[in-house]
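Okay, so here's the structure we're looking at.
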Amino acid sequence: MLTPYLVGLLVLVLLPALVTLGMAFTDYDLLRPPSWAGLDNFTALVDDPIFRVALLNSVVFALVAVPLRVLLALGLALLLHRRAPGVGTARTVALLPTAVPEIAYGLLWLWLFNPLYGPINQLLRVGGEHGLTALGRTPPQWLTDPTSARAGIILMSLFTVGETFVVLLAARRALPRDVYEMAAVEDATGWDVFRRITLPLMAPVLALLAVRDAVASLHFTFVPAFVVTDGGPPPYATTYLSLFVYQTGFEYLRYGYAAAATLVMMLLTLAAVLVQWRLIRRYRRFYQL
Amino acid sequence: MSGLVLDGVSAAYRDTTVLHEVRLTVSRGELLVVLGPSGAGKSTVLRVVAGLEPVTAGRVHIAGRDVTEARPGRRNVSMVFQSYALFPHLTVVENIAFGLEVRDTPRGEARQRARAAAETVGCAGLLDRRPGQLSGGERQRVALARALVREPDVFLLDEPLSNLDLALRAEMRAELRALHDRIGATMVHVTHDQTEALVLADRIAVLRDGRVEQVGTPDEIWRTPASTFVARFVGSPAMNLLPADGPLRPGGEAPTLPDEPLEIGFRPEAVILDAAEGTPATVDRVEVIGEDAYAYLTLSAGQPVVARVPAVRRPERGATVRLDVRWADTHLFHVASGRRCDP
Amino acid sequence: MRPKPLLALALCAALAVTGCGSGSGSKAGAPVKLLVFGAPEELGAYRTLIDAYQTARPGERVQLIEASDRKDLLARLATSVAGGAPPDVFLMNYRFYGQFAAKGVVEPLDDRIAASSVLDPADYYPVAMEAFRWDGAQLCLPQNVSSLAVYYNRTLFTRFGVPEPVAGWTWNDLVGTATLMTRDDRGLVIKGTEAEGAARLPAVHGLGVEPSIIRLAPLVWSNGGEIVDDPQQPTRLALESPEAREALRNLIDLRLAYGVVPSDAEVEAEDDESRFLNGRLAMLMTSRRATTNFRTVTGFEWDVAPLPVYRQQVGVLHSDAYCMTRGSRNKDAAWRFMEYAMGEEGQRIIAATGRTVPSHVEVSRSPAFLDPDQPPRNSQVFLDAIPTVRALPTVSTWPEIEDLSYGILENAVHRGDKLDDVIRELDTKSRPMFARGEDG
């Protein structure tokens, strides 16, 4: 019964992954046959300032965006787990951005971030004069200032937490009701309930989602950087590993070199999965009840 | 002064009324058992007292305070849930101290009192374990200790023994009673087990379909059931009920019966099997439980009757016996209302 | 090398997944596959070209493969070559064909040109033909030849009473004109450098120019400088000569000193081409390519002027060519199509889009290009520039070098990085890219 899946896995995932693995040790430009390069690609990567920037950008993105994303999804899940009027609509709204095709989502944000005519900065300028905000500050130059652009990419990612939200919603709804009633009888405050009950009970799920998100963040930075910022503002403010791999591989035809960078990405993923595995083991006893 | 008063309390779940003007008074230091079949609204009574369900009518007073509008935490009650509701991520001592710590009791003192409460219920050896490592009985003790650690006005126990096996249940039942006698707390204990109710209770409130059918001491409930429902529900096997003008005429001095349809009830142990004269019946089945035997009989008119006899004198299956009851051992009920009739 | 067949097999699997390779051999009569990218009207022109070809030569079939942009075209071409099923013909700019030329992907055409009864190399502008010679071999046939020009909004010039640019105008004239044309919403001359936090933003900017090496190059050349150390064998971007430095500083000053070009935020908000289309940009320095778009303008009159001059008139070559892949299985049919597309008829059809200056000398001088009813009236400017155009170095790593220099120059123009740092950065960071490259 598993055969079709295994064949698919082998042909569609493992084989290309292995090929990439092999390519990483070759000099290959897609046009001429690959030639063995040993560790040249990797030593070149170490010295490549663009790669280092991309790696740093990816790591910083993961460190900032992932906790924010998980917290936001958690907040939404806790806000929307009860039955109440309007909750169904609110859940749909929370999910909606995730359902928008990535490219369309990127184009939408390109419009939203438009520094002069975009709705975000129009809104920020309300009450201000001469194109400044009400506080007399220049509104963020989303697409031209490196810090604002990085923040913008993170902001974009915050609205696509639909999947995480759904998982957390289910996790919250699966928590036993009487534990919360117990807390109510003991007159625990909302903060106590969150800190002493909800958070520890959901911690394993949160940890798993954070790791999953960190792995996924290596990929979901691609489209925003590709469509919205094009890796800029210069130099390379939003060039993430994924974009770096795409550019070196398919635009500059340094396929072997891109494969080496991909291998680094895979190793990062592997490290994240190991962390995830350890977390599962550590929290497993909570589920013994 | 009363520990707890429910004054005409009604409650509803969605559109269905689950409690109908329930009136109950529990004295301070009393152990009241709310008994009833599942779906009778027993747990709702507890939840209304704890404030976990709103009332649609009536008032709730705890220790003389009207707490009808108060939130659960302001009612000064402790609750033991059927599932125990222990926090899986906390150790036993943390679980017990939880109520104190969220009420800003200093950590050291909270731990101290938690340890003391654990000793009271005999789980002091488990303090550093987590709920996942405990047996059912141990969890039950921890839940009890958690309820004990504060000094609430009322303890609410929602079927705390139902998840235990039979032997453990009997043991915990006795311990619970002893604990109550020792601390003298006001307790409301919900169960569907009539034995548990009879053993534990100072008084029993029998609940049926959200209404209080009868409130009384276990003795009163046993000896003067207020309705056919109570009569059938309390006692195992259940009380025999036959039409009063039916095939069986009790012996002894007959009371003057009112001129309306009545049912006559008598417990299996009231049946005299080897009467010289009496109503004939066939033995369908005999169950022996130790010294006792229960004989399942069918009267010639077709009604079933259960009789308890000493095992050594049990009839053979298929045999014909003559059975008799004394008027003194019978109960009379109005057929129309099911209520008790005391002529 | 043992693992090679295995690698090839695995690669095929990988590429089958991406849908690039069909792997099947071409049968006789299979359509010639033509890979292009472009705006909808350009793609429309290619369809017209193909229809005309198929009508003129019954039995011939051409299949158009559309890429979404240049980068997509490069990726598709590379992956399809790797997958063993490349298109038969593709269209590519000389700045980007180097990596394919160097790696033997492009079929040399000299024999076919010599044998052709239809195609005479003398019919085409030599500078364009030359740009596609690699190691002495003619690899591709240039479809067009263009240069930079200054588009300007005549209606705005008339309204503000500013003289229109004329041939032979200098860089100083450009700066002066742009300064006079930078106006606020009351129509008063305003300095755009005060834009950030200033009382008023320019409603019209004097000039739009992309801070890229391909815009900078003709200015440097005109001033007598070079952009690389050795035009024949470049090893780095070299802008440290006084001439190059001056041209670069002047370009940066447009933004930082005079504020006549839109700020980076303004460019992000509305790119230069849209700004010009919306009548809010007086002049725009760009190639012939913008013409198609500007022909949709109805609200104002516009025209083109030649590039301003430092010391001598120099332009930069823009040219795309039809290239045949070495891996094509349909070379003869592909060549017949190329002959047609390069012939007068084919050139006329593509010229009708307005996007390109035909590489065919006669067609470029015919109404197909110089149609007086179609703006710009002064299309002759493009033809006049051709004798003065120079080509950029064709290095296989040129796409990387262009991206690199764009980032550095953009920061220089909009952020005011120190000129010395800019020049040094262009030098040091481009070195490894040139070193990896191969030139023709």
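Residues in the structure tokens are numbered from 1 in each chain, the chains being A, B, ... in the order shown, and ligands are numbered from 1 in the order shown.
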
In range 148-249 of chain C, what's alpha helix (DSSP H) per DSSP? Answer as a PyMOL selection string?
chain C and resi 154-160+171-181+213-222+242-249

Expected answer as a PyMOL selection string: strand (DSSP E or B) residues in range 164-224 of chain B
chain B and resi 187-191+203-208+211-216

Emit the selected residues as a tab-separated table (two decimals), in the first residue's frame, including all heavy atoms.
chain	number	residue	atom	x	y	z
B	187	MET	N	-19.58	18.99	53.00
B	187	MET	CA	-19.22	18.34	51.75
B	187	MET	C	-20.48	18.01	50.97
B	187	MET	O	-21.49	17.62	51.54
B	187	MET	CB	-18.49	17.01	52.00
B	187	MET	CG	-17.06	17.16	52.47
B	187	MET	SD	-16.27	15.52	52.44
B	187	MET	CE	-14.65	15.97	53.01
B	188	VAL	N	-20.38	18.19	49.67
B	188	VAL	CA	-21.42	17.69	48.78
B	188	VAL	C	-20.75	16.69	47.86
B	188	VAL	O	-19.77	17.01	47.18
B	188	VAL	CB	-22.06	18.82	47.95
B	188	VAL	CG1	-23.15	18.24	47.05
B	188	VAL	CG2	-22.64	19.88	48.87
B	189	HIS	N	-21.26	15.48	47.88
B	189	HIS	CA	-20.62	14.38	47.17
B	189	HIS	C	-21.64	13.83	46.17
B	189	HIS	O	-22.75	13.49	46.55
B	189	HIS	CB	-20.23	13.31	48.20
B	189	HIS	CG	-19.58	12.10	47.64
B	189	HIS	ND1	-18.27	11.75	47.94
B	189	HIS	CD2	-20.04	11.12	46.82
B	189	HIS	CE1	-17.97	10.62	47.30
B	189	HIS	NE2	-19.04	10.23	46.63
B	190	VAL	N	-21.25	13.78	44.94
B	190	VAL	CA	-22.18	13.32	43.91
B	190	VAL	C	-21.81	11.89	43.53
B	190	VAL	O	-20.63	11.58	43.34
B	190	VAL	CB	-22.10	14.24	42.68
B	190	VAL	CG1	-22.59	13.52	41.44
B	190	VAL	CG2	-22.92	15.50	42.92
B	191	THR	N	-22.83	11.02	43.42
B	191	THR	CA	-22.55	9.67	42.96
B	191	THR	C	-23.80	9.06	42.35
B	191	THR	O	-24.91	9.52	42.57
B	191	THR	CB	-22.05	8.77	44.11
B	191	THR	OG1	-21.73	7.48	43.60
B	191	THR	CG2	-23.10	8.64	45.19
B	203	ARG	N	-26.76	12.81	54.97
B	203	ARG	CA	-28.07	12.80	54.33
B	203	ARG	C	-27.87	12.57	52.84
B	203	ARG	O	-26.80	12.84	52.28
B	203	ARG	CB	-28.78	14.14	54.55
B	203	ARG	CG	-29.39	14.25	55.97
B	203	ARG	CD	-30.29	15.45	56.05
B	203	ARG	NE	-29.62	16.64	55.62
B	203	ARG	CZ	-30.23	17.64	54.96
B	203	ARG	NH1	-31.52	17.55	54.67
B	203	ARG	NH2	-29.55	18.72	54.60
B	204	ILE	N	-28.93	12.07	52.23
B	204	ILE	CA	-28.89	11.80	50.80
B	204	ILE	C	-29.96	12.63	50.12
B	204	ILE	O	-31.08	12.74	50.65
B	204	ILE	CB	-29.15	10.30	50.49
B	204	ILE	CG1	-28.04	9.44	51.09
B	204	ILE	CG2	-29.29	10.04	49.00
B	204	ILE	CD1	-28.31	7.94	50.97
B	205	ALA	N	-29.61	13.25	48.97
B	205	ALA	CA	-30.63	13.87	48.14
B	205	ALA	C	-30.73	13.06	46.87
B	205	ALA	O	-29.74	12.91	46.16
B	205	ALA	CB	-30.25	15.31	47.84
B	206	VAL	N	-31.90	12.49	46.62
B	206	VAL	CA	-32.07	11.69	45.41
B	206	VAL	C	-32.59	12.60	44.31
B	206	VAL	O	-33.59	13.30	44.50
B	206	VAL	CB	-33.02	10.51	45.63
B	206	VAL	CG1	-33.15	9.67	44.36
B	206	VAL	CG2	-32.54	9.65	46.78
B	207	LEU	N	-31.89	12.59	43.20
B	207	LEU	CA	-32.21	13.48	42.09
B	207	LEU	C	-32.75	12.67	40.93
B	207	LEU	O	-32.24	11.60	40.62
B	207	LEU	CB	-30.93	14.21	41.67
B	207	LEU	CG	-31.07	15.67	41.24
B	207	LEU	CD1	-31.66	16.48	42.38
B	207	LEU	CD2	-29.70	16.22	40.86
B	208	ARG	N	-33.81	13.20	40.32
B	208	ARG	CA	-34.34	12.53	39.13
B	208	ARG	C	-34.80	13.59	38.15
B	208	ARG	O	-35.60	14.44	38.50
B	208	ARG	CB	-35.53	11.65	39.54
B	208	ARG	CG	-36.13	10.90	38.37
B	208	ARG	CD	-37.48	10.37	38.74
B	208	ARG	NE	-37.96	9.47	37.71
B	208	ARG	CZ	-39.20	9.03	37.67
B	208	ARG	NH1	-40.07	9.39	38.61
B	208	ARG	NH2	-39.59	8.24	36.70
B	211	ARG	N	-34.96	17.11	39.28
B	211	ARG	CA	-35.79	17.46	40.44
B	211	ARG	C	-35.33	16.65	41.65
B	211	ARG	O	-34.91	15.50	41.49
B	211	ARG	CB	-37.27	17.15	40.16
B	211	ARG	CG	-37.89	18.05	39.14
B	211	ARG	CD	-39.38	17.77	39.01
B	211	ARG	NE	-40.01	18.76	38.14
B	211	ARG	CZ	-39.95	18.72	36.81
B	211	ARG	NH1	-39.31	17.74	36.20
B	211	ARG	NH2	-40.55	19.67	36.10
B	212	VAL	N	-35.48	17.25	42.83
B	212	VAL	CA	-35.15	16.51	44.03
B	212	VAL	C	-36.32	15.60	44.36
B	212	VAL	O	-37.45	16.05	44.56
B	212	VAL	CB	-34.87	17.46	45.20
B	212	VAL	CG1	-34.61	16.66	46.48
B	212	VAL	CG2	-33.69	18.34	44.90
B	213	GLU	N	-36.07	14.31	44.37
B	213	GLU	CA	-37.14	13.35	44.60
B	213	GLU	C	-37.35	13.16	46.10
B	213	GLU	O	-38.46	13.07	46.58
B	213	GLU	CB	-36.75	12.02	43.94
B	213	GLU	CG	-37.89	11.05	43.77
B	213	GLU	CD	-38.68	11.28	42.48
B	213	GLU	OE1	-38.33	12.20	41.71
B	213	GLU	OE2	-39.66	10.54	42.25
B	214	GLN	N	-36.24	13.12	46.85
B	214	GLN	CA	-36.32	12.93	48.30
B	214	GLN	C	-35.01	13.35	48.93
B	214	GLN	O	-33.95	13.14	48.37
B	214	GLN	CB	-36.60	11.46	48.64
B	214	GLN	CG	-36.80	11.21	50.12
B	214	GLN	CD	-37.13	9.74	50.42
B	214	GLN	OE1	-37.07	8.90	49.53
B	214	GLN	NE2	-37.48	9.45	51.66
B	215	VAL	N	-35.11	13.97	50.09
B	215	VAL	CA	-33.91	14.26	50.87
B	215	VAL	C	-34.09	13.61	52.23
B	215	VAL	O	-35.14	13.75	52.85
B	215	VAL	CB	-33.70	15.78	51.06
B	215	VAL	CG1	-32.38	16.03	51.81
B	215	VAL	CG2	-33.69	16.50	49.73
B	216	GLY	N	-33.10	12.90	52.71
B	216	GLY	CA	-33.24	12.28	54.02
B	216	GLY	C	-31.98	11.56	54.41
B	216	GLY	O	-31.04	11.43	53.60

Spatial neighbours of Thr147 in chain A, max dist 12 Å, only C-alpha atoms, sep filter under 6 positions, as a PyMOL selection string:
chain A and resi 57+60-61+140-141+153-154+232-238

Tell me which protein, DNA and RNA residues are within 8 Å of Glu226 in chain C, counting only C-alpha atoms, leaving out same-chain ones fewer than 3 positions away, and put them as a list in words.
Ala217, Val220, Trp221, Asp229, Pro231, Ala238, Leu239, Ser241 and Ala244 of chain C

Keeping only all heavy atoms, write those residues as a PDB file, in the first residue's frame.
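File out.pdb, as written:
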ATOM      1  N   ALA C 217      27.977  53.646 -18.557  1.00  0.00           N
ATOM      2  CA  ALA C 217      29.044  53.357 -19.515  1.00  0.00           C
ATOM      3  C   ALA C 217      29.157  54.405 -20.628  1.00  0.00           C
ATOM      4  O   ALA C 217      30.246  54.954 -20.842  1.00  0.00           O
ATOM      5  CB  ALA C 217      28.859  51.959 -20.084  1.00  0.00           C
ATOM      6  N   VAL C 220      30.709  57.626 -19.390  1.00  0.00           N
ATOM      7  CA  VAL C 220      32.151  57.503 -19.149  1.00  0.00           C
ATOM      8  C   VAL C 220      32.906  57.531 -20.466  1.00  0.00           C
ATOM      9  O   VAL C 220      33.896  58.248 -20.626  1.00  0.00           O
ATOM     10  CB  VAL C 220      32.445  56.209 -18.367  1.00  0.00           C
ATOM     11  CG1 VAL C 220      33.948  55.951 -18.299  1.00  0.00           C
ATOM     12  CG2 VAL C 220      31.832  56.281 -16.972  1.00  0.00           C
ATOM     13  N   TRP C 221      32.406  56.742 -21.417  1.00  0.00           N
ATOM     14  CA  TRP C 221      33.078  56.688 -22.729  1.00  0.00           C
ATOM     15  C   TRP C 221      33.100  58.072 -23.382  1.00  0.00           C
ATOM     16  O   TRP C 221      34.080  58.495 -23.947  1.00  0.00           O
ATOM     17  CB  TRP C 221      32.349  55.697 -23.646  1.00  0.00           C
ATOM     18  CG  TRP C 221      32.485  54.277 -23.194  1.00  0.00           C
ATOM     19  CD1 TRP C 221      33.492  53.752 -22.452  1.00  0.00           C
ATOM     20  CD2 TRP C 221      31.573  53.213 -23.461  1.00  0.00           C
ATOM     21  NE1 TRP C 221      33.275  52.407 -22.237  1.00  0.00           N
ATOM     22  CE2 TRP C 221      32.094  52.045 -22.851  1.00  0.00           C
ATOM     23  CE3 TRP C 221      30.383  53.102 -24.166  1.00  0.00           C
ATOM     24  CZ2 TRP C 221      31.458  50.812 -22.917  1.00  0.00           C
ATOM     25  CZ3 TRP C 221      29.742  51.877 -24.255  1.00  0.00           C
ATOM     26  CH2 TRP C 221      30.271  50.742 -23.616  1.00  0.00           C
ATOM     27  N   ASP C 229      39.162  47.701 -16.862  1.00  0.00           N
ATOM     28  CA  ASP C 229      40.582  47.980 -17.001  1.00  0.00           C
ATOM     29  C   ASP C 229      41.078  47.744 -18.414  1.00  0.00           C
ATOM     30  O   ASP C 229      41.872  48.497 -18.948  1.00  0.00           O
ATOM     31  CB  ASP C 229      41.386  47.164 -15.978  1.00  0.00           C
ATOM     32  CG  ASP C 229      41.067  45.674 -16.054  1.00  0.00           C
ATOM     33  OD1 ASP C 229      40.050  45.309 -16.680  1.00  0.00           O
ATOM     34  OD2 ASP C 229      41.832  44.879 -15.475  1.00  0.00           O
ATOM     35  N   PRO C 231      39.323  46.731 -22.114  1.00  0.00           N
ATOM     36  CA  PRO C 231      38.082  46.380 -22.833  1.00  0.00           C
ATOM     37  C   PRO C 231      38.165  45.040 -23.554  1.00  0.00           C
ATOM     38  O   PRO C 231      37.140  44.393 -23.748  1.00  0.00           O
ATOM     39  CB  PRO C 231      37.917  47.533 -23.825  1.00  0.00           C
ATOM     40  CG  PRO C 231      38.680  48.676 -23.223  1.00  0.00           C
ATOM     41  CD  PRO C 231      39.829  48.059 -22.479  1.00  0.00           C
ATOM     42  N   ALA C 238      36.711  49.300 -13.583  1.00  0.00           N
ATOM     43  CA  ALA C 238      37.752  50.277 -13.242  1.00  0.00           C
ATOM     44  C   ALA C 238      37.240  51.680 -13.534  1.00  0.00           C
ATOM     45  O   ALA C 238      37.232  52.123 -14.668  1.00  0.00           O
ATOM     46  CB  ALA C 238      39.015  49.983 -14.059  1.00  0.00           C
ATOM     47  N   LEU C 239      36.786  52.349 -12.497  1.00  0.00           N
ATOM     48  CA  LEU C 239      36.231  53.680 -12.690  1.00  0.00           C
ATOM     49  C   LEU C 239      37.091  54.741 -12.018  1.00  0.00           C
ATOM     50  O   LEU C 239      36.636  55.846 -11.762  1.00  0.00           O
ATOM     51  CB  LEU C 239      34.797  53.720 -12.135  1.00  0.00           C
ATOM     52  CG  LEU C 239      33.804  52.859 -12.910  1.00  0.00           C
ATOM     53  CD1 LEU C 239      32.565  52.588 -12.095  1.00  0.00           C
ATOM     54  CD2 LEU C 239      33.436  53.504 -14.227  1.00  0.00           C
ATOM     55  N   SER C 241      39.760  56.234 -13.181  1.00  0.00           N
ATOM     56  CA  SER C 241      40.337  57.290 -14.021  1.00  0.00           C
ATOM     57  C   SER C 241      39.556  58.580 -13.801  1.00  0.00           C
ATOM     58  O   SER C 241      38.373  58.542 -13.488  1.00  0.00           O
ATOM     59  CB  SER C 241      40.265  56.881 -15.493  1.00  0.00           C
ATOM     60  OG  SER C 241      38.926  56.932 -15.939  1.00  0.00           O
ATOM     61  N   ALA C 244      36.279  58.741 -15.797  1.00  0.00           N
ATOM     62  CA  ALA C 244      35.200  57.869 -15.326  1.00  0.00           C
ATOM     63  C   ALA C 244      34.641  58.408 -14.027  1.00  0.00           C
ATOM     64  O   ALA C 244      33.424  58.446 -13.798  1.00  0.00           O
ATOM     65  CB  ALA C 244      35.729  56.452 -15.134  1.00  0.00           C
TER      66      ALA C 244
END

Give me, as a VMD selection string, all polymer residues having an atom no more than 12 Å from Gln143 in chain C, counting only C-alpha atoms and skipping those fewer than 5 positions away in the same chain.
chain C and resid 90 to 94 124 to 125 128 to 129 131 to 132 318 to 323 338 to 344 346 to 351 355 to 361 363 to 364

Let me see the file: selected residues, N, CA and C atoms, as a tab-separated table (two decimals), in the first residue's frame.
chain	number	residue	atom	x	y	z
C	90	PHE	N	16.57	30.81	-29.71
C	90	PHE	CA	16.17	31.69	-28.62
C	90	PHE	C	16.67	33.09	-28.91
C	91	LEU	N	16.01	34.04	-28.26
C	91	LEU	CA	16.37	35.42	-28.46
C	91	LEU	C	17.10	35.89	-27.21
C	92	MET	N	18.28	36.53	-27.41
C	92	MET	CA	19.02	36.94	-26.23
C	92	MET	C	19.84	38.19	-26.47
C	93	ASN	N	19.93	38.99	-25.42
C	93	ASN	CA	20.74	40.20	-25.47
C	93	ASN	C	22.21	39.83	-25.44
C	94	TYR	N	23.03	40.63	-26.16
C	94	TYR	CA	24.45	40.29	-26.21
C	94	TYR	C	25.11	40.36	-24.84
C	124	TYR	N	23.27	44.34	-42.62
C	124	TYR	CA	22.99	44.63	-41.21
C	124	TYR	C	24.04	45.55	-40.64
C	125	TYR	N	23.66	46.26	-39.59
C	125	TYR	CA	24.61	47.16	-38.95
C	125	TYR	C	25.77	46.35	-38.39
C	128	ALA	N	26.25	45.60	-34.57
C	128	ALA	CA	25.39	44.59	-33.97
C	128	ALA	C	25.90	43.19	-34.31
C	129	MET	N	26.29	43.02	-35.58
C	129	MET	CA	26.81	41.71	-35.97
C	129	MET	C	28.06	41.38	-35.15
C	131	ALA	N	28.84	42.32	-32.23
C	131	ALA	CA	28.58	42.02	-30.82
C	131	ALA	C	28.30	40.53	-30.60
C	132	PHE	N	27.89	39.85	-31.62
C	132	PHE	CA	27.56	38.43	-31.47
C	132	PHE	C	28.61	37.52	-32.08
C	318	HIS	N	22.57	48.37	-27.53
C	318	HIS	CA	21.55	47.43	-27.03
C	318	HIS	C	21.17	46.56	-28.21
C	319	SER	N	21.29	45.27	-28.05
C	319	SER	CA	20.95	44.43	-29.20
C	319	SER	C	20.57	43.02	-28.74
C	320	ASP	N	19.50	42.51	-29.33
C	320	ASP	CA	19.10	41.13	-29.09
C	320	ASP	C	19.27	40.36	-30.39
C	321	ALA	N	19.55	39.09	-30.25
C	321	ALA	CA	19.79	38.31	-31.46
C	321	ALA	C	19.10	36.95	-31.38
C	322	TYR	N	18.82	36.43	-32.57
C	322	TYR	CA	18.34	35.04	-32.66
C	322	TYR	C	19.55	34.12	-32.58
C	323	CYS	N	19.53	33.20	-31.67
C	323	CYS	CA	20.62	32.24	-31.55
C	323	CYS	C	20.06	30.83	-31.73
C	338	MET	N	15.06	31.50	-39.06
C	338	MET	CA	15.93	32.63	-38.74
C	338	MET	C	16.14	33.50	-39.97
C	339	GLU	N	16.31	32.85	-41.11
C	339	GLU	CA	16.47	33.61	-42.35
C	339	GLU	C	15.26	34.51	-42.60
C	340	TYR	N	14.10	33.94	-42.35
C	340	TYR	CA	12.87	34.71	-42.58
C	340	TYR	C	12.78	35.86	-41.58
C	341	ALA	N	13.03	35.56	-40.32
C	341	ALA	CA	12.89	36.58	-39.27
C	341	ALA	C	13.90	37.70	-39.47
C	342	MET	N	15.07	37.36	-40.04
C	342	MET	CA	16.09	38.38	-40.24
C	342	MET	C	15.87	39.13	-41.55
C	343	GLY	N	15.08	38.56	-42.43
C	343	GLY	CA	14.81	39.20	-43.72
C	343	GLY	C	13.95	40.44	-43.56
C	344	GLU	N	13.74	41.12	-44.68
C	344	GLU	CA	13.01	42.39	-44.61
C	344	GLU	C	11.64	42.23	-44.01
C	346	GLY	N	10.41	39.85	-42.01
C	346	GLY	CA	10.47	39.57	-40.58
C	346	GLY	C	10.86	40.79	-39.77
C	347	GLN	N	11.83	41.54	-40.26
C	347	GLN	CA	12.28	42.73	-39.55
C	347	GLN	C	11.17	43.78	-39.48
C	348	ARG	N	10.40	43.88	-40.55
C	348	ARG	CA	9.33	44.87	-40.61
C	348	ARG	C	8.24	44.54	-39.57
C	349	ILE	N	7.94	43.25	-39.46
C	349	ILE	CA	6.88	42.86	-38.51
C	349	ILE	C	7.28	43.20	-37.08
C	350	ILE	N	8.54	42.90	-36.73
C	350	ILE	CA	8.99	43.18	-35.37
C	350	ILE	C	9.12	44.70	-35.16
C	351	ALA	N	9.57	45.39	-36.20
C	351	ALA	CA	9.73	46.84	-36.09
C	351	ALA	C	8.39	47.52	-35.83
C	355	ARG	N	9.22	48.59	-30.56
C	355	ARG	CA	10.12	48.28	-29.47
C	355	ARG	C	11.58	48.35	-29.87
C	356	THR	N	11.84	48.02	-31.13
C	356	THR	CA	13.24	47.86	-31.51
C	356	THR	C	13.60	48.73	-32.70
C	357	VAL	N	14.89	48.94	-32.82
C	357	VAL	CA	15.43	49.53	-34.04
C	357	VAL	C	15.92	48.35	-34.87
C	358	PRO	N	15.39	48.19	-36.07
C	358	PRO	CA	15.77	47.00	-36.85
C	358	PRO	C	17.27	47.00	-37.13
C	359	SER	N	17.85	45.81	-37.11
C	359	SER	CA	19.26	45.70	-37.40
C	359	SER	C	19.51	45.72	-38.92
C	360	HIS	N	18.45	45.49	-39.67
C	360	HIS	CA	18.52	45.50	-41.13
C	360	HIS	C	18.54	46.97	-41.57
C	361	VAL	N	19.64	47.39	-42.20
C	361	VAL	CA	19.86	48.81	-42.47
C	361	VAL	C	18.70	49.40	-43.25
C	363	VAL	N	15.59	48.32	-43.69
C	363	VAL	CA	14.31	48.36	-42.97
C	363	VAL	C	14.32	49.50	-41.96
C	364	SER	N	15.49	49.74	-41.34
C	364	SER	CA	15.55	50.78	-40.33
C	364	SER	C	15.36	52.16	-40.94

Contact residues (chain A, partner chain B, 12 Å, only C-alpha atoms) as a ChimeraX atom specification
/A:175-204,282-289

Might you pull out every residue within 10 Å of Val215 in chain A, with only C-alpha atoms counted and same-chain residues fewer than 2 positions away left off, and present them as number ranges by chain?
A: 62, 66, 209-213, 217-220, 265-266, 268-273

Per residue of chain A within 6 Å of chain C, note the shortest atom pair and the distance in Å to one decimal, counting only C-alpha atoms, and order the rows by chain and increasing residue number, as a Markdown table.
| residue | atom | partner | partner_atom | distance |
| --- | --- | --- | --- | --- |
| A:Pro16 | CA | C:Ala14 | CA | 5.3 |
| A:Leu30 | CA | C:Ala82 | CA | 5.0 |
| A:Leu31 | CA | C:Ala82 | CA | 5.6 |
| A:Asn114 | CA | C:Ala269 | CA | 4.9 |
| A:Pro115 | CA | C:Ala269 | CA | 5.5 |
| A:Leu116 | CA | C:Ala269 | CA | 5.5 |
| A:His130 | CA | C:Ala199 | CA | 5.6 |
| A:Pro234 | CA | C:Gly407 | CA | 4.6 |
| A:Pro235 | CA | C:Gly407 | CA | 5.6 |
| A:Phe250 | CA | C:Ala75 | CA | 4.8 |
